[in-house]
Amino acid sequence: MPRTLFQKIWDAHVVHRRDDGLCLLYVDRHYFHEGSFHAFNMLRARGLKVRRPDLSFGFGDHYAPTRARSTAAIADPEIRGIIETFERNAREAGIRAFEMADPRQGIVHVAGPELGLTLPGMTVVCGDSHTSSHGALGALAFGIGASEVAHVFATQTIWQSLPRQIRVTFDGTLPEGSTAKDMALALIAEIGTGGAQGGAIEFAGTAVRALSVEGRLTLCNMAIEAGARTGMVAPDATTLAWLAGRPFAKPVDIAHLRSDEDAGFDQEVRLDAGRIAPMATWGTSPEEAVPLSGRVPRPEQAPDEARRKAWQRSLDYMGLAGGEALADVKLDRVFLGSCTNSRLEDLRAAATVLKGRRIAVPMLVSPGSTSVKRQAEAEGLDRIFTEAGASWEESACSLCVSMNGDSVAEGERCASTSNRNFVGRQGRGARTHLVSPASAAASAVAGRLVAAEG
Amino acid sequence: MPEPFTLVTAIAAPLEMSNVDTDQILPARFLRRPRDERYPTYGFHDLRFTPEGAPREEFVLNRPPYDRAGILVAQRNFGVGSSREAAVYALLAMGLRCVIAESFGDIFFSNALKNGLVPVRLPEAACAALRMAVTETPGAEITVDLEAQRVDGPGALAYGFTIPAFSRDCLLRGLDEIGLTMTLLPEIAAFEAARG
Ligand code: SF4
């Protein structure tokens, strides 16, 4: 029977299959962050131990401050307490955790792959929805909740029902100036936030093959915003070359890690990459996205009554009337960061736009990992950012989720390279427009929502 | 460990919003808080309260009798977004035991099942009929019978639903999956041994 890449990795990890089809899968790699305290509490309450401390890795990212690297210096006692608890839990369980001051620290979905901890063919889980990112390396990666984190700690396994399999093919060549982020936003605008509901996406096609691993990480990261449980890209020479020499990487045979020629998918989506322009969201759902050269839609253009109401609510929250050109929408600030777009390639793209220019609105740059920060500094990117007027800070989730003390003020409008433009995501009453790194940089210079030129 | 759930009859509140993400169910700034006596105020916090802390009249769960609701009838894509299981804790802390919706965020759905908050998927028309019924008759009750996998609403509205068998079993008995999986430890050990 021809099988998909997903099915092959799945089959290789089934420990137990119930009659109803539910499978107990073995977990090769488990990542956790500060939010894991619920799971550790559950283990404690049941008197359970971590079964395989050697297969879990912790990263301090969600609460890590952008402006200091010392736990003791954190002013907010609740935030300090969370970080201390994370570090203590890892230590007591005998698990390796890359704490704030560790040079290997970073956002879990940036630092994990970068360290070579995620490899083709692995099953990967983390108590974070954007775990789908790791699928970029040809792994099967799921986001899970706290009870499941406790389950993985205790048993190194997870129960899963076989998801619907979806192939998303990007044919053709991406135009110059468009990026993986624009591919993701174009896809979600096309199929909606429920378009891949509960499914497993395999990204395929010439435009995906042409992406760097960084770009694939961005694409798989956003799969979750289309409702998918995971996203993946079959590993190839690009993947192997990227992994070579990474501290924890091991040689992997990827010959079989591809969907068989005639493997069947439950759903096929095709997009012409050649028509994907730089995109931005205008509303409060990632599906509410249009090309930056376009206009904010009017509610009366909505395809149905439910959507009309939702659009109206989005517009009200975003302080937009509908019908305005995006290029006329004035910004208050810009955020370049998050596990979606904070890798070296992203910083380079933004720096290329900013070089020799000045920004018109405040811009916060938070590299995806401490190592990305160091590499960027070695290339002199930090100077380009600071000379343009941006703040160059430490690696953290920061304004992606505004849990570390950073936030966008009520009513302020922020162009952001993160993944969620939800109501209140960047702070209570904050207005978010999702864009690519190059578009974020161009928008910071213009003080309005624009794409980078040519 | 979750409380067993067999049958719940409760006041139901209509939530006329789609894509209610977990950031709205539990804003990120509350994620660091322990599950103590303040927890019931965190759920839907920014929809429920103004920045000054005054209750918003217009939000359905602030209005009697819906403030005593045990069941929420929502629209499409309830609980999308962040994997934060605390969003489920927040709904439970508010006294909710069941959410009925057209569709759910994937991780939210499984988090709910693991904590005794029953997520019931019903077709769009059924959700709309239930919302309309409990809007027209505030305080009307809905019964969710997990054993029979049946929802009974006001005015003879009745619908069947399905919950994955394993989760249903755990919910009915108030068991959690860790305990059940622990009985499979020999198989897990064998799997590890086979891989070397
Ligand atoms: S950067 Fe944002 S999306 Fe990524 S792990 Fe952190 S909070 Fe989650």
# chains A, B, ... in the order shown; residues from 1 in each chain; ligands from 1
$ residues_around --residues "stretch 6-12 of chain B" --least-positions-apart "2" --cutoff "8 Å" --atoms "only C-alpha atoms" --output "PyMOL selection string"
chain B and resi 4+14+65-66+68-73+97+134+139-147+171-172
$ residues_near_ligand --ligand "ligand 1" --cutoff "9 Å" --atoms "only C-alpha atoms and all ligand atoms" --output "mmCIF file with all heavy atoms, in the first residue's frame"
data_model
loop_
_atom_site.group_PDB
_atom_site.id
_atom_site.type_symbol
_atom_site.label_atom_id
_atom_site.label_comp_id
_atom_site.auth_asym_id
_atom_site.auth_seq_id
_atom_site.Cartn_x
_atom_site.Cartn_y
_atom_site.Cartn_z
ATOM 1 N N HIS A 33 8.454 24.417 27.960
ATOM 2 C CA HIS A 33 8.840 25.791 28.327
ATOM 3 C C HIS A 33 8.250 26.105 29.695
ATOM 4 O O HIS A 33 7.778 25.200 30.396
ATOM 5 C CB HIS A 33 8.411 26.773 27.237
ATOM 6 C CG HIS A 33 6.953 26.673 26.899
ATOM 7 N ND1 HIS A 33 5.985 27.289 27.644
ATOM 8 C CD2 HIS A 33 6.303 25.985 25.924
ATOM 9 C CE1 HIS A 33 4.800 26.998 27.133
ATOM 10 N NE2 HIS A 33 4.959 26.209 26.096
ATOM 11 N N ASP A 61 11.461 30.713 27.258
ATOM 12 C CA ASP A 61 11.205 31.661 26.171
ATOM 13 C C ASP A 61 9.969 32.540 26.408
ATOM 14 O O ASP A 61 10.020 33.747 26.261
ATOM 15 C CB ASP A 61 11.075 30.919 24.822
ATOM 16 C CG ASP A 61 10.051 29.788 24.835
ATOM 17 O OD1 ASP A 61 9.330 29.627 25.838
ATOM 18 O OD2 ASP A 61 9.969 29.041 23.838
ATOM 19 N N HIS A 62 8.868 31.921 26.861
ATOM 20 C CA HIS A 62 7.615 32.684 26.949
ATOM 21 C C HIS A 62 7.708 33.860 27.924
ATOM 22 O O HIS A 62 7.132 34.909 27.683
ATOM 23 C CB HIS A 62 6.461 31.762 27.347
ATOM 24 C CG HIS A 62 5.959 30.936 26.208
ATOM 25 N ND1 HIS A 62 6.728 29.966 25.615
ATOM 26 C CD2 HIS A 62 4.779 30.937 25.542
ATOM 27 C CE1 HIS A 62 6.024 29.409 24.631
ATOM 28 N NE2 HIS A 62 4.841 29.979 24.573
ATOM 29 N N ILE A 107 13.759 30.716 21.534
ATOM 30 C CA ILE A 107 12.366 30.277 21.427
ATOM 31 C C ILE A 107 12.411 28.809 21.012
ATOM 32 O O ILE A 107 13.140 28.446 20.077
ATOM 33 C CB ILE A 107 11.595 31.105 20.387
ATOM 34 C CG1 ILE A 107 11.687 32.597 20.726
ATOM 35 C CG2 ILE A 107 10.141 30.657 20.317
ATOM 36 C CD1 ILE A 107 11.099 33.502 19.646
ATOM 37 N N VAL A 108 11.663 27.996 21.701
ATOM 38 C CA VAL A 108 11.762 26.545 21.540
ATOM 39 C C VAL A 108 11.722 26.103 20.065
ATOM 40 O O VAL A 108 12.503 25.242 19.661
ATOM 41 C CB VAL A 108 10.695 25.830 22.408
ATOM 42 C CG1 VAL A 108 9.302 26.387 22.179
ATOM 43 C CG2 VAL A 108 10.698 24.344 22.182
ATOM 44 N N HIS A 109 10.881 26.732 19.254
ATOM 45 C CA HIS A 109 10.770 26.285 17.849
ATOM 46 C C HIS A 109 11.868 26.859 16.954
ATOM 47 O O HIS A 109 11.956 26.505 15.788
ATOM 48 C CB HIS A 109 9.394 26.626 17.286
ATOM 49 C CG HIS A 109 8.284 26.228 18.206
ATOM 50 N ND1 HIS A 109 8.211 24.974 18.750
ATOM 51 C CD2 HIS A 109 7.232 26.915 18.708
ATOM 52 C CE1 HIS A 109 7.147 24.911 19.543
ATOM 53 N NE2 HIS A 109 6.549 26.080 19.540
ATOM 54 N N VAL A 110 12.652 27.767 17.496
ATOM 55 C CA VAL A 110 13.814 28.258 16.754
ATOM 56 C C VAL A 110 15.051 27.499 17.239
ATOM 57 O O VAL A 110 15.818 26.953 16.448
ATOM 58 C CB VAL A 110 14.015 29.779 16.969
ATOM 59 C CG1 VAL A 110 15.290 30.253 16.282
ATOM 60 C CG2 VAL A 110 12.803 30.545 16.459
ATOM 61 N N ASP A 128 2.833 23.523 23.162
ATOM 62 C CA ASP A 128 2.752 24.803 22.479
ATOM 63 C C ASP A 128 2.212 24.540 21.088
ATOM 64 O O ASP A 128 2.698 23.646 20.397
ATOM 65 C CB ASP A 128 4.143 25.432 22.401
ATOM 66 C CG ASP A 128 4.075 26.845 21.857
ATOM 67 O OD1 ASP A 128 4.000 27.001 20.618
ATOM 68 O OD2 ASP A 128 4.075 27.778 22.665
ATOM 69 N N SER A 129 1.235 25.329 20.674
ATOM 70 C CA SER A 129 0.559 24.994 19.419
ATOM 71 C C SER A 129 1.479 25.071 18.204
ATOM 72 O O SER A 129 1.285 24.355 17.244
ATOM 73 C CB SER A 129 -0.667 25.887 19.223
ATOM 74 O OG SER A 129 -0.313 27.236 19.346
ATOM 75 N N HIS A 130 2.486 25.941 18.244
ATOM 76 C CA HIS A 130 3.332 26.092 17.053
ATOM 77 C C HIS A 130 4.424 25.043 16.897
ATOM 78 O O HIS A 130 5.354 25.197 16.108
ATOM 79 C CB HIS A 130 3.896 27.507 16.990
ATOM 80 C CG HIS A 130 2.807 28.502 16.738
ATOM 81 N ND1 HIS A 130 2.185 29.178 17.751
ATOM 82 C CD2 HIS A 130 2.175 28.860 15.595
ATOM 83 C CE1 HIS A 130 1.228 29.935 17.239
ATOM 84 N NE2 HIS A 130 1.203 29.757 15.940
ATOM 85 N N THR A 131 4.265 23.950 17.622
ATOM 86 C CA THR A 131 5.181 22.820 17.486
ATOM 87 C C THR A 131 5.183 22.293 16.060
ATOM 88 O O THR A 131 6.153 21.677 15.617
ATOM 89 C CB THR A 131 4.756 21.725 18.483
ATOM 90 O OG1 THR A 131 4.676 22.317 19.777
ATOM 91 C CG2 THR A 131 5.742 20.580 18.517
ATOM 92 N N ASN A 221 5.121 26.445 10.724
ATOM 93 C CA ASN A 221 4.713 27.167 11.924
ATOM 94 C C ASN A 221 3.271 27.657 11.785
ATOM 95 O O ASN A 221 2.460 27.543 12.699
ATOM 96 C CB ASN A 221 5.679 28.341 12.108
ATOM 97 C CG ASN A 221 5.318 29.268 13.251
ATOM 98 O OD1 ASN A 221 4.483 30.140 13.110
ATOM 99 N ND2 ASN A 221 5.953 29.076 14.400
ATOM 100 N N GLY A 337 10.131 39.515 15.300
ATOM 101 C CA GLY A 337 10.482 38.444 16.227
ATOM 102 C C GLY A 337 9.487 37.309 16.133
ATOM 103 O O GLY A 337 8.740 37.209 15.168
ATOM 104 N N SER A 338 9.486 36.422 17.129
ATOM 105 C CA SER A 338 8.619 35.246 17.288
ATOM 106 C C SER A 338 9.157 34.039 16.529
ATOM 107 O O SER A 338 9.953 34.174 15.597
ATOM 108 C CB SER A 338 7.182 35.511 16.833
ATOM 109 O OG SER A 338 7.027 35.190 15.477
ATOM 110 N N CYS A 339 8.665 32.867 16.899
ATOM 111 C CA CYS A 339 9.129 31.627 16.274
ATOM 112 C C CYS A 339 8.760 31.559 14.801
ATOM 113 O O CYS A 339 9.236 30.692 14.084
ATOM 114 C CB CYS A 339 8.578 30.424 17.035
ATOM 115 S SG CYS A 339 6.787 30.368 17.083
ATOM 116 N N THR A 340 7.891 32.452 14.343
ATOM 117 C CA THR A 340 7.521 32.446 12.922
ATOM 118 C C THR A 340 8.628 33.067 12.076
ATOM 119 O O THR A 340 8.989 32.540 11.028
ATOM 120 C CB THR A 340 6.219 33.240 12.706
ATOM 121 O OG1 THR A 340 5.262 32.812 13.667
ATOM 122 C CG2 THR A 340 5.672 33.035 11.315
ATOM 123 N N ASN A 341 9.160 34.177 12.533
ATOM 124 C CA ASN A 341 10.074 34.967 11.701
ATOM 125 C C ASN A 341 11.148 35.666 12.521
ATOM 126 O O ASN A 341 11.146 36.901 12.629
ATOM 127 C CB ASN A 341 9.279 36.056 10.953
ATOM 128 C CG ASN A 341 8.616 35.573 9.687
ATOM 129 O OD1 ASN A 341 7.455 35.854 9.456
ATOM 130 N ND2 ASN A 341 9.349 34.865 8.842
ATOM 131 N N SER A 342 12.058 34.926 13.093
ATOM 132 C CA SER A 342 13.121 35.591 13.863
ATOM 133 C C SER A 342 14.455 34.886 13.686
ATOM 134 O O SER A 342 15.358 35.017 14.483
ATOM 135 C CB SER A 342 12.759 35.602 15.338
ATOM 136 O OG SER A 342 12.648 34.269 15.801
ATOM 137 N N GLY A 368 15.379 35.125 17.380
ATOM 138 C CA GLY A 368 14.744 33.886 17.802
ATOM 139 C C GLY A 368 15.517 33.078 18.812
ATOM 140 O O GLY A 368 14.943 32.250 19.525
ATOM 141 N N ALA A 396 13.364 36.230 22.994
ATOM 142 C CA ALA A 396 12.208 35.837 23.821
ATOM 143 C C ALA A 396 10.973 35.817 22.931
ATOM 144 O O ALA A 396 11.005 36.330 21.818
ATOM 145 C CB ALA A 396 12.010 36.840 24.954
ATOM 146 N N CYS A 397 9.884 35.255 23.430
ATOM 147 C CA CYS A 397 8.624 35.303 22.685
ATOM 148 C C CYS A 397 8.114 36.740 22.612
ATOM 149 O O CYS A 397 7.465 37.139 21.644
ATOM 150 C CB CYS A 397 7.572 34.425 23.348
ATOM 151 S SG CYS A 397 7.960 32.676 23.266
ATOM 152 N N SER A 398 8.373 37.490 23.665
ATOM 153 C CA SER A 398 8.120 38.924 23.680
ATOM 154 C C SER A 398 6.742 39.302 23.139
ATOM 155 O O SER A 398 5.733 38.759 23.568
ATOM 156 C CB SER A 398 9.250 39.630 22.913
ATOM 157 O OG SER A 398 9.057 41.023 22.900
ATOM 158 N N LEU A 399 6.698 40.211 22.167
ATOM 159 C CA LEU A 399 5.424 40.769 21.706
ATOM 160 C C LEU A 399 4.575 39.798 20.889
ATOM 161 O O LEU A 399 3.485 40.154 20.458
ATOM 162 C CB LEU A 399 5.671 42.034 20.874
ATOM 163 C CG LEU A 399 6.038 43.282 21.670
ATOM 164 C CD1 LEU A 399 6.191 44.475 20.736
ATOM 165 C CD2 LEU A 399 4.976 43.592 22.719
ATOM 166 N N CYS A 400 5.056 38.576 20.693
ATOM 167 C CA CYS A 400 4.184 37.606 20.038
ATOM 168 C C CYS A 400 3.009 37.293 20.947
ATOM 169 O O CYS A 400 1.896 37.077 20.488
ATOM 170 C CB CYS A 400 4.937 36.324 19.714
ATOM 171 S SG CYS A 400 3.848 35.039 19.112
ATOM 172 N N VAL A 401 3.273 37.257 22.250
ATOM 173 C CA VAL A 401 2.225 36.813 23.184
ATOM 174 C C VAL A 401 2.155 37.714 24.416
ATOM 175 O O VAL A 401 1.241 37.600 25.224
ATOM 176 C CB VAL A 401 2.441 35.318 23.546
ATOM 177 C CG1 VAL A 401 3.686 35.132 24.389
ATOM 178 C CG2 VAL A 401 1.235 34.684 24.204
ATOM 179 N N SER A 402 3.121 38.635 24.528
ATOM 180 C CA SER A 402 3.099 39.643 25.592
ATOM 181 C C SER A 402 2.932 39.063 26.994
ATOM 182 O O SER A 402 2.061 39.482 27.756
ATOM 183 C CB SER A 402 1.979 40.660 25.317
ATOM 184 O OG SER A 402 2.306 41.396 24.170
ATOM 185 N N MET A 403 3.761 38.092 27.300
ATOM 186 C CA MET A 403 3.719 37.492 28.633
ATOM 187 C C MET A 403 4.918 37.890 29.480
ATOM 188 O O MET A 403 4.955 37.639 30.670
ATOM 189 C CB MET A 403 3.683 35.960 28.509
ATOM 190 C CG MET A 403 2.301 35.452 28.173
ATOM 191 S SD MET A 403 2.288 33.834 27.400
ATOM 192 C CE MET A 403 2.675 32.785 28.769
ATOM 193 N N SER A 418 4.871 38.043 13.815
ATOM 194 C CA SER A 418 4.419 36.859 14.547
ATOM 195 C C SER A 418 3.289 36.148 13.799
ATOM 196 O O SER A 418 3.093 36.380 12.604
ATOM 197 C CB SER A 418 4.015 37.271 15.961
ATOM 198 O OG SER A 418 3.090 38.339 15.913
ATOM 199 N N ASN A 419 2.543 35.329 14.495
ATOM 200 C CA ASN A 419 1.602 34.448 13.806
ATOM 201 C C ASN A 419 0.135 34.648 14.163
ATOM 202 O O ASN A 419 -0.737 34.031 13.575
ATOM 203 C CB ASN A 419 1.992 33.001 14.105
ATOM 204 C CG ASN A 419 2.344 32.840 15.575
ATOM 205 O OD1 ASN A 419 1.585 33.232 16.438
ATOM 206 N ND2 ASN A 419 3.514 32.295 15.853
ATOM 207 N N ARG A 420 -0.145 35.458 15.176
ATOM 208 C CA ARG A 420 -1.548 35.608 15.587
ATOM 209 C C ARG A 420 -1.915 37.068 15.757
ATOM 210 O O ARG A 420 -1.261 37.785 16.511
ATOM 211 C CB ARG A 420 -1.811 34.857 16.899
ATOM 212 C CG ARG A 420 -1.850 33.377 16.661
ATOM 213 C CD ARG A 420 -2.259 32.588 17.875
ATOM 214 N NE ARG A 420 -2.373 31.206 17.477
ATOM 215 C CZ ARG A 420 -1.975 30.165 18.197
ATOM 216 N NH1 ARG A 420 -1.443 30.375 19.396
ATOM 217 N NH2 ARG A 420 -2.116 28.953 17.748
ATOM 218 N N SER B 82 -3.843 29.157 20.738
ATOM 219 C CA SER B 82 -2.863 28.666 21.713
ATOM 220 C C SER B 82 -3.310 27.369 22.392
ATOM 221 O O SER B 82 -4.492 27.165 22.651
ATOM 222 C CB SER B 82 -2.651 29.761 22.763
ATOM 223 O OG SER B 82 -2.229 29.215 23.982
#
$ residues_around --residues "B:Phe191" --least-positions-apart "6" --cutoff "9 Å" --atoms "only C-alpha atoms" --output "VMD selection string"
chain A and resid 13 to 15 26
$ interface_residues --of "chain B" --to "chain A" --cutoff "6 Å" --atoms "only C-alpha atoms" --output "number ranges by chain"
B: 29, 82-83, 85, 106, 111, 178
$ write_last_selection --atoms "N, CA and C atoms" --output "tab-separated table (two decimals), in the first residue's frame"
chain	number	residue	atom	x	y	z
B	29	ARG	N	-1.98	37.10	30.24
B	29	ARG	CA	-1.41	37.58	31.50
B	29	ARG	C	-1.89	36.79	32.71
B	82	SER	N	-3.84	29.16	20.74
B	82	SER	CA	-2.86	28.67	21.71
B	82	SER	C	-3.31	27.37	22.39
B	83	SER	N	-2.33	26.53	22.72
B	83	SER	CA	-2.61	25.23	23.33
B	83	SER	C	-2.90	25.34	24.81
B	85	GLU	N	-3.92	24.91	28.18
B	85	GLU	CA	-4.96	24.10	28.80
B	85	GLU	C	-5.70	24.92	29.86
B	106	ASP	N	-8.40	22.20	17.63
B	106	ASP	CA	-8.01	20.81	17.82
B	106	ASP	C	-7.44	20.53	19.21
B	111	ASN	N	-7.83	19.03	25.13
B	111	ASN	CA	-7.64	19.53	26.51
B	111	ASN	C	-8.95	19.45	27.30
B	178	ILE	N	-3.31	8.98	31.92
B	178	ILE	CA	-2.00	8.53	32.40
B	178	ILE	C	-2.14	7.17	33.08
$ closest_residue --among "A:Arg333, A:Arg431, A:Lys49, A:Arg88" --to "A:Ser391" --atoms "only C-alpha atoms"
A:Arg333
$ residues_around --residues "A:Arg246" --least-positions-apart "6" --cutoff "9 Å" --atoms "only C-alpha atoms" --output "list in words"
Pro113, Glu114, Leu115, Gly116 and Leu117 of chain A
$ atom_distance --atom1 "atom CA of A:Pro251" --atom2 "atom CA of A:Thr118"
11.9 Å
$ residues_around --residues "A:Ala90" --least-positions-apart "2" --cutoff "12 Å" --atoms "only C-alpha atoms" --output "ChimeraX atom specification"
/A:31-34,36-37,39-40,49-50,53-54,56-60,83-88,92-99,153
$ select_by_dssp --residues "stretch 241-300 of chain A" --states "strand (DSSP E or B)" --output "ChimeraX atom specification"
/A:267-272,279-281,289-291,295
$ residues_around --residues "B:Tyr159" --least-positions-apart "4" --cutoff "10 Å" --atoms "only C-alpha atoms" --output "JSON, numbers by chain"
{"B": [122, 123, 126, 127, 144, 149, 150, 151, 152, 153]}
$ write_last_selection --atoms "N, CA, C and O atoms" --output "PDB file, in the first residue's frame"
ATOM      1  N   LEU B 122     -21.907  19.861  17.093  1.00  0.00           N
ATOM      2  CA  LEU B 122     -23.206  19.696  16.439  1.00  0.00           C
ATOM      3  C   LEU B 122     -23.194  20.505  15.151  1.00  0.00           C
ATOM      4  O   LEU B 122     -22.446  21.473  15.031  1.00  0.00           O
ATOM      5  N   PRO B 123     -24.035  20.136  14.194  1.00  0.00           N
ATOM      6  CA  PRO B 123     -24.068  20.890  12.939  1.00  0.00           C
ATOM      7  C   PRO B 123     -24.490  22.342  13.174  1.00  0.00           C
ATOM      8  O   PRO B 123     -25.131  22.667  14.188  1.00  0.00           O
ATOM      9  N   ALA B 126     -28.112  23.039  14.109  1.00  0.00           N
ATOM     10  CA  ALA B 126     -28.472  22.613  15.463  1.00  0.00           C
ATOM     11  C   ALA B 126     -27.969  23.628  16.491  1.00  0.00           C
ATOM     12  O   ALA B 126     -28.689  24.002  17.420  1.00  0.00           O
ATOM     13  N   CYS B 127     -26.727  24.090  16.305  1.00  0.00           N
ATOM     14  CA  CYS B 127     -26.179  25.096  17.220  1.00  0.00           C
ATOM     15  C   CYS B 127     -27.027  26.357  17.158  1.00  0.00           C
ATOM     16  O   CYS B 127     -27.345  26.959  18.193  1.00  0.00           O
ATOM     17  N   VAL B 144     -27.146  17.455  28.600  1.00  0.00           N
ATOM     18  CA  VAL B 144     -26.141  16.755  27.806  1.00  0.00           C
ATOM     19  C   VAL B 144     -25.910  15.401  28.466  1.00  0.00           C
ATOM     20  O   VAL B 144     -25.464  15.324  29.608  1.00  0.00           O
ATOM     21  N   GLN B 149     -24.955   9.976  24.480  1.00  0.00           N
ATOM     22  CA  GLN B 149     -24.439  10.908  23.482  1.00  0.00           C
ATOM     23  C   GLN B 149     -25.589  11.668  22.816  1.00  0.00           C
ATOM     24  O   GLN B 149     -25.794  11.621  21.603  1.00  0.00           O
ATOM     25  N   ARG B 150     -26.321  12.377  23.673  1.00  0.00           N
ATOM     26  CA  ARG B 150     -27.520  13.047  23.225  1.00  0.00           C
ATOM     27  C   ARG B 150     -27.648  14.399  23.919  1.00  0.00           C
ATOM     28  O   ARG B 150     -27.372  14.522  25.110  1.00  0.00           O
ATOM     29  N   VAL B 151     -28.059  15.400  23.130  1.00  0.00           N
ATOM     30  CA  VAL B 151     -28.336  16.731  23.666  1.00  0.00           C
ATOM     31  C   VAL B 151     -29.833  16.966  23.579  1.00  0.00           C
ATOM     32  O   VAL B 151     -30.424  16.766  22.526  1.00  0.00           O
ATOM     33  N   ASP B 152     -30.451  17.352  24.704  1.00  0.00           N
ATOM     34  CA  ASP B 152     -31.863  17.706  24.687  1.00  0.00           C
ATOM     35  C   ASP B 152     -32.022  19.155  25.083  1.00  0.00           C
ATOM     36  O   ASP B 152     -31.632  19.553  26.175  1.00  0.00           O
ATOM     37  N   GLY B 153     -32.599  19.937  24.165  1.00  0.00           N
ATOM     38  CA  GLY B 153     -32.786  21.353  24.433  1.00  0.00           C
ATOM     39  C   GLY B 153     -34.247  21.672  24.664  1.00  0.00           C
ATOM     40  O   GLY B 153     -35.087  20.769  24.652  1.00  0.00           O
TER      41      GLY B 153
END
$ residues_around --residues "B:Leu117" --least-positions-apart "5" --cutoff "8 Å" --atoms "only C-alpha atoms" --output "list in words"
Val88, Leu92, Leu96, Arg97, Cys98, Val99 and Ala112 of chain B
$ closest_residue --among "A:Lys330, A:Lys250, A:His134, A:Arg69" --to "A:Ala234" --atoms "only C-alpha atoms"
A:His134
$ closest_residue --among "A:Pro286, A:Gly231, A:Pro299, A:Gly322" --to "A:Gln165" --atoms "only C-alpha atoms"
A:Gly231
$ closest_residue --among "A:Ser371, A:Thr218, A:Gly294, A:Asp19" --to "B:Ala165" --atoms "only C-alpha atoms"
A:Asp19
$ decode --residues "stretch 32-43 of chain B" --atoms "N, CA, C and O atoms" --output "CSV table (one decimal), in the first residue's frame"
chain,number,residue,atom,x,y,z
B,32,ARG,N,0.1,32.8,34.3
B,32,ARG,CA,1.0,32.5,35.4
B,32,ARG,C,0.4,32.4,36.7
B,32,ARG,O,1.0,32.1,37.7
B,33,ARG,N,-1.0,32.6,36.8
B,33,ARG,CA,-1.7,32.6,38.1
B,33,ARG,C,-2.0,31.1,38.5
B,33,ARG,O,-2.3,30.3,37.6
B,34,PRO,N,-2.0,30.9,39.8
B,34,PRO,CA,-2.4,29.5,40.3
B,34,PRO,C,-3.9,29.4,40.2
B,34,PRO,O,-4.6,30.3,40.1
B,35,ARG,N,-4.3,28.1,40.2
B,35,ARG,CA,-5.8,27.8,40.2
B,35,ARG,C,-6.4,28.0,41.6
B,35,ARG,O,-6.8,27.1,42.2
B,36,ASP,N,-6.5,29.3,42.0
B,36,ASP,CA,-7.0,29.5,43.3
B,36,ASP,C,-8.4,30.1,43.3
B,36,ASP,O,-9.0,30.1,42.2
B,37,GLU,N,-8.8,30.7,44.3
B,37,GLU,CA,-10.2,31.3,44.4
B,37,GLU,C,-10.4,32.4,43.4
B,37,GLU,O,-11.6,32.8,43.1
B,38,ARG,N,-9.4,33.0,42.9
B,38,ARG,CA,-9.6,34.1,41.9
B,38,ARG,C,-9.8,33.6,40.5
B,38,ARG,O,-10.2,34.4,39.6
B,39,TYR,N,-9.6,32.3,40.3
B,39,TYR,CA,-9.6,31.8,38.9
B,39,TYR,C,-11.0,32.0,38.2
B,39,TYR,O,-11.0,32.3,37.0
B,40,PRO,N,-12.1,31.9,38.9
B,40,PRO,CA,-13.4,32.2,38.2
B,40,PRO,C,-13.5,33.5,37.6
B,40,PRO,O,-14.3,33.7,36.7
B,41,THR,N,-12.7,34.5,37.9
B,41,THR,CA,-12.8,35.8,37.3
B,41,THR,C,-12.0,35.9,36.0
B,41,THR,O,-12.1,36.9,35.3
B,42,TYR,N,-11.1,35.0,35.8
B,42,TYR,CA,-10.2,35.1,34.6
B,42,TYR,C,-10.8,34.7,33.3
B,42,TYR,O,-10.5,35.3,32.2
B,43,GLY,N,-11.8,33.8,33.3
B,43,GLY,CA,-12.4,33.3,32.0
B,43,GLY,C,-13.0,34.4,31.2
B,43,GLY,O,-13.8,35.2,31.8
